[in-house]
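What follows is the content of start_9.txt (compact mmCIF, N, CA and C atoms).
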# COMPACT_ATOMS: atom_id res chain seq x y z
N MET A 1 11.35 -24.54 -44.10
CA MET A 1 11.52 -23.78 -42.90
C MET A 1 10.22 -23.06 -42.58
N LYS A 2 9.82 -23.09 -41.31
CA LYS A 2 8.56 -22.51 -40.91
C LYS A 2 8.80 -21.17 -40.20
N ASP A 3 7.83 -20.25 -40.40
CA ASP A 3 7.92 -18.97 -39.74
C ASP A 3 7.43 -19.04 -38.29
N ARG A 4 6.53 -19.96 -38.01
CA ARG A 4 5.97 -20.08 -36.68
C ARG A 4 6.51 -21.30 -35.98
N PRO A 5 6.66 -21.21 -34.65
CA PRO A 5 7.12 -22.39 -33.92
C PRO A 5 6.03 -23.45 -33.89
N GLU A 6 6.45 -24.66 -33.66
CA GLU A 6 5.52 -25.77 -33.56
C GLU A 6 4.63 -25.60 -32.34
N LYS A 7 3.41 -26.09 -32.45
CA LYS A 7 2.47 -26.04 -31.34
C LYS A 7 2.88 -27.07 -30.30
N ALA A 8 3.23 -26.59 -29.12
CA ALA A 8 3.66 -27.48 -28.05
C ALA A 8 2.45 -28.09 -27.38
N ALA A 9 2.64 -29.21 -26.75
CA ALA A 9 1.56 -29.88 -26.04
C ALA A 9 1.14 -29.04 -24.85
N GLY A 10 -0.16 -28.90 -24.68
CA GLY A 10 -0.67 -28.15 -23.54
C GLY A 10 -0.81 -26.67 -23.82
N THR A 11 -0.60 -26.24 -25.06
CA THR A 11 -0.78 -24.82 -25.36
C THR A 11 -1.96 -24.65 -26.28
N VAL A 12 -2.56 -23.50 -26.24
CA VAL A 12 -3.71 -23.16 -27.06
C VAL A 12 -3.38 -21.86 -27.76
N ARG A 13 -3.78 -21.75 -28.99
CA ARG A 13 -3.54 -20.51 -29.73
C ARG A 13 -4.57 -19.47 -29.34
N ALA A 14 -4.11 -18.32 -28.94
CA ALA A 14 -5.01 -17.22 -28.63
C ALA A 14 -5.35 -16.49 -29.90
N GLY A 15 -6.43 -15.72 -29.86
CA GLY A 15 -6.88 -15.03 -31.05
C GLY A 15 -6.00 -13.86 -31.44
N LEU A 16 -5.39 -13.17 -30.50
CA LEU A 16 -4.61 -11.99 -30.81
C LEU A 16 -3.16 -12.35 -31.05
N GLY A 17 -2.70 -12.18 -32.24
CA GLY A 17 -1.30 -12.38 -32.54
C GLY A 17 -0.88 -13.83 -32.59
N ASP A 18 -1.79 -14.74 -32.40
CA ASP A 18 -1.49 -16.17 -32.39
C ASP A 18 -0.32 -16.51 -31.48
N ARG A 19 -0.27 -15.87 -30.33
CA ARG A 19 0.76 -16.20 -29.37
C ARG A 19 0.29 -17.41 -28.58
N PRO A 20 1.16 -18.35 -28.31
CA PRO A 20 0.74 -19.51 -27.52
C PRO A 20 0.49 -19.11 -26.06
N VAL A 21 -0.59 -19.64 -25.52
CA VAL A 21 -0.94 -19.40 -24.13
C VAL A 21 -1.01 -20.76 -23.45
N ARG A 22 -0.21 -20.93 -22.43
CA ARG A 22 -0.21 -22.21 -21.73
C ARG A 22 -1.39 -22.27 -20.78
N MET A 23 -2.20 -23.30 -20.93
CA MET A 23 -3.37 -23.49 -20.08
C MET A 23 -3.04 -24.56 -19.05
N ASN A 24 -3.00 -24.16 -17.81
CA ASN A 24 -2.80 -25.11 -16.73
C ASN A 24 -3.58 -24.62 -15.52
N ALA A 25 -3.38 -25.23 -14.40
CA ALA A 25 -4.14 -24.88 -13.20
C ALA A 25 -3.83 -23.46 -12.74
N ASP A 26 -2.63 -22.94 -13.03
CA ASP A 26 -2.27 -21.61 -12.57
C ASP A 26 -3.07 -20.53 -13.30
N THR A 27 -3.33 -20.72 -14.59
CA THR A 27 -4.04 -19.69 -15.33
C THR A 27 -5.55 -19.81 -15.17
N THR A 28 -6.05 -20.99 -14.88
CA THR A 28 -7.49 -21.15 -14.73
C THR A 28 -7.97 -20.73 -13.35
N ALA A 29 -7.14 -20.89 -12.34
CA ALA A 29 -7.53 -20.50 -10.99
C ALA A 29 -7.23 -19.02 -10.79
N SER A 30 -8.03 -18.38 -9.99
CA SER A 30 -7.83 -16.95 -9.75
C SER A 30 -7.02 -16.75 -8.47
N THR A 31 -5.83 -17.29 -8.45
CA THR A 31 -4.96 -17.16 -7.28
C THR A 31 -3.86 -16.16 -7.52
N ALA A 32 -4.00 -15.33 -8.53
CA ALA A 32 -2.96 -14.37 -8.84
C ALA A 32 -2.90 -13.29 -7.76
N VAL A 33 -1.71 -12.86 -7.47
CA VAL A 33 -1.50 -11.79 -6.52
C VAL A 33 -1.68 -10.48 -7.25
N ARG A 34 -2.46 -9.58 -6.69
CA ARG A 34 -2.70 -8.28 -7.32
C ARG A 34 -2.11 -7.19 -6.46
N PHE A 35 -1.52 -6.22 -7.13
CA PHE A 35 -0.91 -5.10 -6.45
C PHE A 35 -1.61 -3.82 -6.88
N ALA A 36 -1.65 -2.87 -5.98
CA ALA A 36 -2.26 -1.59 -6.31
C ALA A 36 -1.36 -0.85 -7.29
N LEU A 37 -1.97 -0.23 -8.27
CA LEU A 37 -1.20 0.53 -9.24
C LEU A 37 -0.67 1.82 -8.65
N VAL A 38 -1.44 2.39 -7.75
CA VAL A 38 -1.05 3.63 -7.10
C VAL A 38 -1.02 3.38 -5.61
N PRO A 39 0.03 3.77 -4.92
CA PRO A 39 0.06 3.54 -3.48
C PRO A 39 -1.04 4.33 -2.78
N THR A 40 -1.64 3.70 -1.79
CA THR A 40 -2.71 4.34 -1.04
C THR A 40 -2.11 5.41 -0.13
N PRO A 41 -2.64 6.62 -0.18
CA PRO A 41 -2.09 7.67 0.70
C PRO A 41 -2.44 7.36 2.15
N ARG A 42 -1.52 7.62 3.01
CA ARG A 42 -1.71 7.39 4.44
C ARG A 42 -1.54 8.70 5.17
N LEU A 43 -2.22 8.82 6.29
CA LEU A 43 -2.14 10.02 7.11
C LEU A 43 -1.38 9.70 8.39
N SER A 44 -0.58 10.64 8.83
CA SER A 44 0.14 10.47 10.08
C SER A 44 -0.79 10.74 11.26
N LEU A 45 -0.32 10.42 12.44
CA LEU A 45 -1.11 10.66 13.64
C LEU A 45 -1.38 12.15 13.82
N ASP A 46 -0.38 12.98 13.59
CA ASP A 46 -0.58 14.42 13.73
C ASP A 46 -1.59 14.96 12.72
N ALA A 47 -1.53 14.46 11.49
CA ALA A 47 -2.47 14.93 10.46
C ALA A 47 -3.90 14.53 10.81
N VAL A 48 -4.08 13.31 11.30
CA VAL A 48 -5.43 12.86 11.68
C VAL A 48 -5.94 13.65 12.87
N ALA A 49 -5.08 13.89 13.85
CA ALA A 49 -5.49 14.65 15.02
C ALA A 49 -5.84 16.09 14.63
N ARG A 50 -5.05 16.69 13.76
CA ARG A 50 -5.33 18.05 13.32
C ARG A 50 -6.63 18.13 12.53
N ARG A 51 -6.86 17.18 11.63
CA ARG A 51 -8.07 17.20 10.81
C ARG A 51 -9.33 16.91 11.62
N SER A 52 -9.20 16.10 12.65
CA SER A 52 -10.38 15.75 13.45
C SER A 52 -10.58 16.69 14.63
N GLY A 53 -9.58 17.50 14.96
CA GLY A 53 -9.70 18.42 16.08
C GLY A 53 -9.54 17.75 17.42
N LEU A 54 -8.92 16.58 17.45
CA LEU A 54 -8.72 15.85 18.70
C LEU A 54 -7.24 15.85 19.08
N HIS A 55 -6.96 15.59 20.34
CA HIS A 55 -5.59 15.47 20.81
C HIS A 55 -5.01 14.14 20.33
N PRO A 56 -3.73 14.12 19.96
CA PRO A 56 -3.14 12.86 19.48
C PRO A 56 -3.22 11.72 20.49
N ASP A 57 -3.17 12.03 21.80
CA ASP A 57 -3.30 10.97 22.81
C ASP A 57 -4.67 10.33 22.78
N LEU A 58 -5.72 11.13 22.52
CA LEU A 58 -7.06 10.59 22.41
C LEU A 58 -7.20 9.71 21.17
N VAL A 59 -6.56 10.11 20.09
CA VAL A 59 -6.57 9.29 18.87
C VAL A 59 -5.86 7.97 19.14
N ARG A 60 -4.73 8.02 19.87
CA ARG A 60 -4.03 6.78 20.24
C ARG A 60 -4.92 5.88 21.10
N ARG A 61 -5.69 6.47 21.99
CA ARG A 61 -6.60 5.70 22.85
C ARG A 61 -7.68 5.03 22.01
N PHE A 62 -8.21 5.76 21.00
CA PHE A 62 -9.20 5.16 20.11
C PHE A 62 -8.62 3.99 19.34
N VAL A 63 -7.36 4.09 18.95
CA VAL A 63 -6.70 2.98 18.26
C VAL A 63 -6.57 1.79 19.22
N ALA A 64 -6.17 2.06 20.45
CA ALA A 64 -6.02 0.98 21.44
C ALA A 64 -7.35 0.31 21.74
N LEU A 65 -8.44 1.08 21.72
CA LEU A 65 -9.77 0.51 21.96
C LEU A 65 -10.34 -0.20 20.74
N GLY A 66 -9.70 -0.02 19.59
CA GLY A 66 -10.17 -0.67 18.37
C GLY A 66 -11.27 0.10 17.67
N LEU A 67 -11.46 1.37 18.01
CA LEU A 67 -12.49 2.17 17.37
C LEU A 67 -12.04 2.70 16.01
N VAL A 68 -10.75 2.89 15.84
CA VAL A 68 -10.17 3.40 14.59
C VAL A 68 -9.07 2.44 14.17
N ASP A 69 -9.06 2.12 12.87
CA ASP A 69 -8.02 1.24 12.35
C ASP A 69 -6.77 2.04 12.02
N ALA A 70 -5.62 1.49 12.41
CA ALA A 70 -4.34 2.12 12.12
C ALA A 70 -3.30 1.04 11.93
N GLU A 71 -2.25 1.38 11.24
CA GLU A 71 -1.13 0.47 11.03
C GLU A 71 0.14 1.17 11.46
N ARG A 72 1.19 0.43 11.53
CA ARG A 72 2.50 0.99 11.86
C ARG A 72 3.34 1.03 10.60
N ASP A 73 4.06 2.13 10.41
CA ASP A 73 4.95 2.21 9.26
C ASP A 73 6.30 1.59 9.63
N ALA A 74 7.27 1.71 8.75
CA ALA A 74 8.58 1.10 8.97
C ALA A 74 9.27 1.68 10.20
N ALA A 75 8.99 2.94 10.51
CA ALA A 75 9.61 3.58 11.67
C ALA A 75 8.84 3.31 12.97
N GLY A 76 7.70 2.65 12.88
CA GLY A 76 6.91 2.33 14.06
C GLY A 76 5.85 3.36 14.41
N HIS A 77 5.67 4.36 13.55
CA HIS A 77 4.66 5.39 13.80
C HIS A 77 3.30 4.94 13.27
N LEU A 78 2.26 5.44 13.90
CA LEU A 78 0.91 5.12 13.46
C LEU A 78 0.60 5.84 12.15
N VAL A 79 0.01 5.11 11.21
CA VAL A 79 -0.48 5.69 9.96
C VAL A 79 -1.93 5.25 9.78
N PHE A 80 -2.72 6.13 9.19
CA PHE A 80 -4.16 5.93 9.09
C PHE A 80 -4.62 6.02 7.65
N ASP A 81 -5.77 5.43 7.38
CA ASP A 81 -6.44 5.59 6.09
C ASP A 81 -6.94 7.03 5.99
N PRO A 82 -7.17 7.51 4.77
CA PRO A 82 -7.71 8.86 4.63
C PRO A 82 -9.12 9.02 5.20
N THR A 83 -9.81 7.93 5.46
CA THR A 83 -11.15 7.99 6.03
C THR A 83 -11.17 8.10 7.55
N ALA A 84 -10.01 8.05 8.19
CA ALA A 84 -9.95 8.07 9.65
C ALA A 84 -10.57 9.32 10.27
N PRO A 85 -10.35 10.52 9.73
CA PRO A 85 -11.02 11.68 10.35
C PRO A 85 -12.54 11.59 10.32
N ALA A 86 -13.11 11.00 9.28
CA ALA A 86 -14.56 10.82 9.22
C ALA A 86 -15.03 9.83 10.28
N VAL A 87 -14.26 8.77 10.50
CA VAL A 87 -14.60 7.79 11.54
C VAL A 87 -14.53 8.46 12.92
N LEU A 88 -13.50 9.27 13.13
CA LEU A 88 -13.38 9.97 14.41
C LEU A 88 -14.52 10.96 14.61
N ALA A 89 -14.96 11.62 13.56
CA ALA A 89 -16.10 12.53 13.67
C ALA A 89 -17.37 11.76 14.02
N ARG A 90 -17.53 10.58 13.46
CA ARG A 90 -18.69 9.74 13.78
C ARG A 90 -18.67 9.33 15.25
N ILE A 91 -17.48 8.99 15.74
CA ILE A 91 -17.35 8.62 17.15
C ILE A 91 -17.71 9.80 18.05
N GLN A 92 -17.23 10.98 17.68
CA GLN A 92 -17.54 12.16 18.49
C GLN A 92 -19.04 12.49 18.46
N ARG A 93 -19.68 12.31 17.31
CA ARG A 93 -21.13 12.55 17.23
C ARG A 93 -21.90 11.58 18.11
N LEU A 94 -21.49 10.31 18.10
CA LEU A 94 -22.17 9.33 18.95
C LEU A 94 -21.96 9.63 20.42
N ARG A 95 -20.76 10.05 20.76
CA ARG A 95 -20.45 10.38 22.15
C ARG A 95 -21.27 11.58 22.63
N ALA A 96 -21.34 12.60 21.80
CA ALA A 96 -22.05 13.82 22.20
C ALA A 96 -23.57 13.64 22.13
N GLY A 97 -24.04 12.95 21.09
CA GLY A 97 -25.48 12.83 20.89
C GLY A 97 -26.17 11.81 21.77
N LEU A 98 -25.49 10.70 22.04
CA LEU A 98 -26.12 9.63 22.82
C LEU A 98 -25.53 9.45 24.21
N CYS A 99 -24.51 10.23 24.54
CA CYS A 99 -23.84 10.14 25.85
C CYS A 99 -23.38 8.71 26.15
N LEU A 100 -22.75 8.08 25.17
CA LEU A 100 -22.26 6.72 25.34
C LEU A 100 -20.79 6.73 25.73
N ASN A 101 -20.38 5.71 26.48
CA ASN A 101 -18.95 5.57 26.73
C ASN A 101 -18.29 4.93 25.51
N TYR A 102 -16.97 4.89 25.49
CA TYR A 102 -16.27 4.46 24.28
C TYR A 102 -16.45 2.96 24.00
N ALA A 103 -16.64 2.15 25.03
CA ALA A 103 -16.90 0.72 24.80
C ALA A 103 -18.25 0.54 24.12
N ALA A 104 -19.25 1.29 24.55
CA ALA A 104 -20.57 1.21 23.93
C ALA A 104 -20.53 1.76 22.50
N ILE A 105 -19.71 2.77 22.28
CA ILE A 105 -19.59 3.32 20.92
C ILE A 105 -19.04 2.27 19.97
N GLY A 106 -18.10 1.47 20.44
CA GLY A 106 -17.58 0.38 19.61
C GLY A 106 -18.68 -0.59 19.22
N LEU A 107 -19.53 -0.92 20.14
CA LEU A 107 -20.65 -1.82 19.87
C LEU A 107 -21.63 -1.18 18.88
N VAL A 108 -21.95 0.08 19.08
CA VAL A 108 -22.87 0.78 18.19
C VAL A 108 -22.29 0.87 16.78
N LEU A 109 -21.00 1.16 16.66
CA LEU A 109 -20.37 1.23 15.34
C LEU A 109 -20.43 -0.12 14.62
N ASP A 110 -20.18 -1.19 15.37
CA ASP A 110 -20.27 -2.53 14.77
C ASP A 110 -21.69 -2.82 14.30
N LEU A 111 -22.67 -2.47 15.11
CA LEU A 111 -24.06 -2.71 14.72
C LEU A 111 -24.47 -1.86 13.52
N LEU A 112 -24.04 -0.62 13.48
CA LEU A 112 -24.36 0.25 12.34
C LEU A 112 -23.71 -0.27 11.05
N ASP A 113 -22.49 -0.76 11.16
CA ASP A 113 -21.83 -1.34 9.98
C ASP A 113 -22.55 -2.59 9.52
N ARG A 114 -22.98 -3.40 10.45
CA ARG A 114 -23.72 -4.63 10.11
C ARG A 114 -25.05 -4.29 9.43
N ILE A 115 -25.74 -3.29 9.94
CA ILE A 115 -27.01 -2.86 9.34
C ILE A 115 -26.78 -2.37 7.92
N SER A 116 -25.71 -1.62 7.71
CA SER A 116 -25.40 -1.12 6.36
C SER A 116 -25.14 -2.27 5.39
N LEU A 117 -24.40 -3.28 5.85
CA LEU A 117 -24.14 -4.44 4.98
C LEU A 117 -25.42 -5.19 4.64
N LEU A 118 -26.28 -5.38 5.63
CA LEU A 118 -27.53 -6.09 5.39
C LEU A 118 -28.45 -5.31 4.46
N GLU A 119 -28.52 -3.99 4.64
CA GLU A 119 -29.36 -3.18 3.77
C GLU A 119 -28.84 -3.18 2.33
N SER A 120 -27.52 -3.12 2.16
CA SER A 120 -26.97 -3.16 0.80
C SER A 120 -27.19 -4.52 0.16
N ALA A 121 -27.14 -5.60 0.96
CA ALA A 121 -27.42 -6.92 0.41
C ALA A 121 -28.87 -7.02 -0.04
N LEU A 122 -29.78 -6.42 0.73
CA LEU A 122 -31.19 -6.42 0.32
C LEU A 122 -31.40 -5.61 -0.95
N ARG A 123 -30.69 -4.48 -1.07
CA ARG A 123 -30.81 -3.68 -2.28
C ARG A 123 -30.30 -4.43 -3.50
N VAL A 124 -29.22 -5.18 -3.34
CA VAL A 124 -28.66 -5.94 -4.46
C VAL A 124 -29.62 -7.04 -4.87
N ARG A 125 -30.20 -7.73 -3.91
CA ARG A 125 -31.15 -8.81 -4.23
C ARG A 125 -32.46 -8.28 -4.74
N GLY A 126 -32.77 -7.04 -4.42
CA GLY A 126 -34.02 -6.46 -4.88
C GLY A 126 -35.22 -6.93 -4.10
N THR A 127 -35.02 -7.48 -2.94
CA THR A 127 -36.13 -7.96 -2.13
C THR A 127 -36.30 -7.06 -0.92
N ARG A 128 -37.51 -6.94 -0.49
CA ARG A 128 -37.82 -6.18 0.70
C ARG A 128 -38.81 -6.98 1.53
N SER A 129 -38.79 -6.77 2.80
CA SER A 129 -39.75 -7.47 3.64
C SER A 129 -41.06 -6.69 3.65
N ASP A 130 -42.13 -7.36 4.10
CA ASP A 130 -43.44 -6.73 4.16
C ASP A 130 -43.59 -5.83 5.38
N THR A 131 -42.70 -5.99 6.34
CA THR A 131 -42.78 -5.18 7.56
C THR A 131 -42.19 -3.81 7.29
N PRO A 132 -42.69 -2.79 7.97
CA PRO A 132 -42.12 -1.45 7.78
C PRO A 132 -40.70 -1.39 8.33
N PRO A 133 -39.90 -0.45 7.85
CA PRO A 133 -38.52 -0.35 8.34
C PRO A 133 -38.51 0.02 9.82
N TRP A 134 -37.43 -0.29 10.48
CA TRP A 134 -37.33 -0.09 11.93
C TRP A 134 -37.14 1.37 12.28
N THR A 135 -36.81 2.21 11.32
CA THR A 135 -36.59 3.63 11.65
C THR A 135 -37.82 4.45 11.45

Show this structure as structure tokens.
Amino acid sequence: MKDRPEKAAGTVRAGLGDRPVRMNADTTASTAVRFALVPTPRLSLDAVARRSGLHPDLVRRFVALGLVDAERDAAGHLVFDPTAPAVLARIQRLRAGLCLNYAAIGLVLDLLDRISLLESALRVRGTRSDTPPWT
């Protein structure tokens, strides 16, 4: 009589505890679904409006224009990421400092995000161009 089960076809012995681990396409491919261990806190429309100092209707307009990302909860209310007040402050700074309309602010935000991605990619690669920076 054996203490351990027979080695089945298609299994490999792992180093810890000699438990059999089945090796197939599911374990080799990284198609596993991952879930957050802690739920991400969300802010309500009123909380975002209060923190940013804006009227809730203006925040709704920014959502409709696509300047701020928001989702709907089960009840159909708008919920925001915790970073939404910072995004709204950035929009207000661009509006006040450059006198841009909200459509132009959307374009400027997209360009600024693109510049940030490109600069971080350059930092990761460790390469720089010979030309001076544009700023």

Point out the residue among A:Ala104, A:Leu43, A:Leu94, A:Ala121 with the least atom-to-atom distance to A:Leu78, counting only N, CA and C atoms.
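For A:Leu78, the nearest of the given residues is A:Leu43.
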
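Restricting the calculation to only C-alpha atoms, the smallest distance between A:Arg72 and any of A:Arg42, A:Arg114, A:Arg51, A:Arg123 is found for A:Arg42.
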
Please give the centre and size of the box around stretch 51-65 of chain A (axis-aligned, containing every atom listed in the file, 6 Å added per side), with values in Å to one decimal and written as lines of an AutoDock Vina configuration file.
center_x = -6.9
center_y = 9.1
center_z = 16.8
size_x = 19.4
size_y = 30.6
size_z = 24.0

If you count only N, CA and C atoms, which residues fall within 8 Å of A:Gly106, apart from same-chain ones fewer than 6 positions away, as a PyMOL selection string?
chain A and resi 65-67+91+100+112

Expected file: the selected residues, N, CA and C atoms, as a short mmCIF file (atom, residue, chain, number, x, y, z; two decimals), in the coordinates of the input:
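Output file part_6.cif follows:
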data_model
loop_
_atom_site.label_atom_id
_atom_site.label_comp_id
_atom_site.auth_asym_id
_atom_site.auth_seq_id
_atom_site.Cartn_x
_atom_site.Cartn_y
_atom_site.Cartn_z
N LEU A 65 -8.44 1.08 21.72
CA LEU A 65 -9.77 0.51 21.96
C LEU A 65 -10.34 -0.20 20.74
N GLY A 66 -9.70 -0.02 19.59
CA GLY A 66 -10.17 -0.67 18.37
C GLY A 66 -11.27 0.10 17.67
N LEU A 67 -11.46 1.37 18.01
CA LEU A 67 -12.49 2.17 17.37
C LEU A 67 -12.04 2.70 16.01
N ILE A 91 -17.48 8.99 15.74
CA ILE A 91 -17.35 8.62 17.15
C ILE A 91 -17.71 9.80 18.05
N LEU A 100 -22.75 8.08 25.17
CA LEU A 100 -22.26 6.72 25.34
C LEU A 100 -20.79 6.73 25.73
N LEU A 112 -24.04 -0.62 13.48
CA LEU A 112 -24.36 0.25 12.34
C LEU A 112 -23.71 -0.27 11.05
#

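Atom CA of A:Arg90 is positioned 8.8 Å from atom CA of A:Leu109.
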
6.5 Å contact set for A:Ala70, only N, CA and C atoms, chain neighbours under 2 positions out, as a PyMOL selection string
chain A and resi 63+68+72+78-81

For atom CA of A:Val108 and atom CA of A:Leu88, the interatomic separation in Å (one decimal)
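A separation of 13.7 Å between them.
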
Report, in Å to a single decimal, how far apart atom C of A:Leu58 and atom C of A:Asn101 are.
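Atom C of A:Asn101 sits 12.8 Å away from atom C of A:Leu58.
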
Selection: 7 Å around A:Pro56, only N, CA and C atoms, excl. self and same-chain fewer than 6 positions, as an MDAnalysis selection string:
chainID A and resid 45:46 49:50

Pick out the closest residue to A:Gln92 from this set: A:Val38, A:Ile115, A:Ala74, A:Leu54. Count only C-alpha atoms.
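With only C-alpha atoms as the atom set, the closest residue is A:Leu54.
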
Shortest contact to A:Tyr102, candidates A:His77, A:Arg61, A:Arg125, A:His55, atoms counted only C-alpha atoms, goes to A:Arg61

Ranking A:Ala84, A:Ala64, A:Cys99, A:Ala75 by minimum distance to A:Ala47 and counting only C-alpha atoms, which one comes first?
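Of A:Ala84, A:Ala64, A:Cys99, A:Ala75, the one nearest A:Ala47, counting only C-alpha atoms, is A:Ala84.
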
Will you give me stretch 80-100 of chain A, written with N, CA, C and O atoms and laid out as a short mmCIF file (atom, residue, chain, number, x, y, z; two decimals), in the first residue's frame?
data_model
loop_
_atom_site.label_atom_id
_atom_site.label_comp_id
_atom_site.auth_asym_id
_atom_site.auth_seq_id
_atom_site.Cartn_x
_atom_site.Cartn_y
_atom_site.Cartn_z
N PHE A 80 -17.83 58.41 -9.03
CA PHE A 80 -16.57 58.87 -9.57
C PHE A 80 -15.40 58.21 -8.85
O PHE A 80 -15.52 57.76 -7.71
N ASP A 81 -14.26 58.19 -9.52
CA ASP A 81 -13.01 57.76 -8.89
C ASP A 81 -12.61 58.81 -7.86
O ASP A 81 -12.99 59.98 -7.98
N PRO A 82 -11.78 58.43 -6.90
CA PRO A 82 -11.32 59.42 -5.92
C PRO A 82 -10.46 60.53 -6.53
O PRO A 82 -10.26 61.57 -5.92
N THR A 83 -9.97 60.33 -7.74
CA THR A 83 -9.14 61.34 -8.40
C THR A 83 -9.96 62.39 -9.15
O THR A 83 -9.40 63.34 -9.70
N ALA A 84 -11.28 62.25 -9.18
CA ALA A 84 -12.12 63.17 -9.94
C ALA A 84 -12.01 64.62 -9.48
O ALA A 84 -11.96 65.52 -10.33
N PRO A 85 -11.95 64.92 -8.18
CA PRO A 85 -11.79 66.34 -7.80
C PRO A 85 -10.49 66.95 -8.32
O PRO A 85 -10.47 68.13 -8.69
N ALA A 86 -9.42 66.18 -8.39
CA ALA A 86 -8.16 66.69 -8.94
C ALA A 86 -8.30 66.97 -10.44
O ALA A 86 -7.77 67.96 -10.95
N VAL A 87 -9.00 66.11 -11.15
CA VAL A 87 -9.23 66.32 -12.58
C VAL A 87 -10.07 67.59 -12.79
O VAL A 87 -9.79 68.40 -13.68
N LEU A 88 -11.09 67.76 -11.95
CA LEU A 88 -11.92 68.96 -12.06
C LEU A 88 -11.13 70.22 -11.74
O LEU A 88 -11.33 71.26 -12.38
N ALA A 89 -10.22 70.15 -10.78
CA ALA A 89 -9.37 71.31 -10.47
C ALA A 89 -8.46 71.63 -11.64
O ALA A 89 -8.24 72.81 -11.96
N ARG A 90 -7.96 70.61 -12.32
CA ARG A 90 -7.12 70.82 -13.50
C ARG A 90 -7.91 71.50 -14.61
O ARG A 90 -7.41 72.41 -15.28
N ILE A 91 -9.16 71.07 -14.78
CA ILE A 91 -10.02 71.69 -15.80
C ILE A 91 -10.25 73.16 -15.47
O ILE A 91 -10.16 74.02 -16.35
N GLN A 92 -10.52 73.44 -14.20
CA GLN A 92 -10.76 74.82 -13.81
C GLN A 92 -9.51 75.69 -13.99
O GLN A 92 -9.60 76.84 -14.38
N ARG A 93 -8.34 75.12 -13.70
CA ARG A 93 -7.09 75.88 -13.90
C ARG A 93 -6.87 76.19 -15.37
O ARG A 93 -6.45 77.31 -15.73
N LEU A 94 -7.14 75.22 -16.24
CA LEU A 94 -6.98 75.47 -17.68
C LEU A 94 -7.97 76.50 -18.17
O LEU A 94 -7.64 77.36 -19.00
N ARG A 95 -9.18 76.44 -17.66
CA ARG A 95 -10.22 77.39 -18.07
C ARG A 95 -9.85 78.81 -17.63
O ARG A 95 -9.96 79.76 -18.40
N ALA A 96 -9.39 78.94 -16.40
CA ALA A 96 -9.08 80.27 -15.88
C ALA A 96 -7.76 80.80 -16.43
O ALA A 96 -7.64 81.98 -16.76
N GLY A 97 -6.76 79.93 -16.56
CA GLY A 97 -5.44 80.38 -16.98
C GLY A 97 -5.29 80.63 -18.46
O GLY A 97 -4.59 81.54 -18.88
N LEU A 98 -5.95 79.81 -19.27
CA LEU A 98 -5.79 79.93 -20.72
C LEU A 98 -7.02 80.45 -21.44
O LEU A 98 -7.01 80.60 -22.66
N CYS A 99 -8.10 80.68 -20.70
CA CYS A 99 -9.36 81.16 -21.28
C CYS A 99 -9.84 80.26 -22.42
O CYS A 99 -10.20 80.75 -23.50
N LEU A 100 -9.81 78.95 -22.20
CA LEU A 100 -10.24 78.00 -23.21
C LEU A 100 -11.68 77.59 -22.96
O LEU A 100 -12.15 77.58 -21.83
#
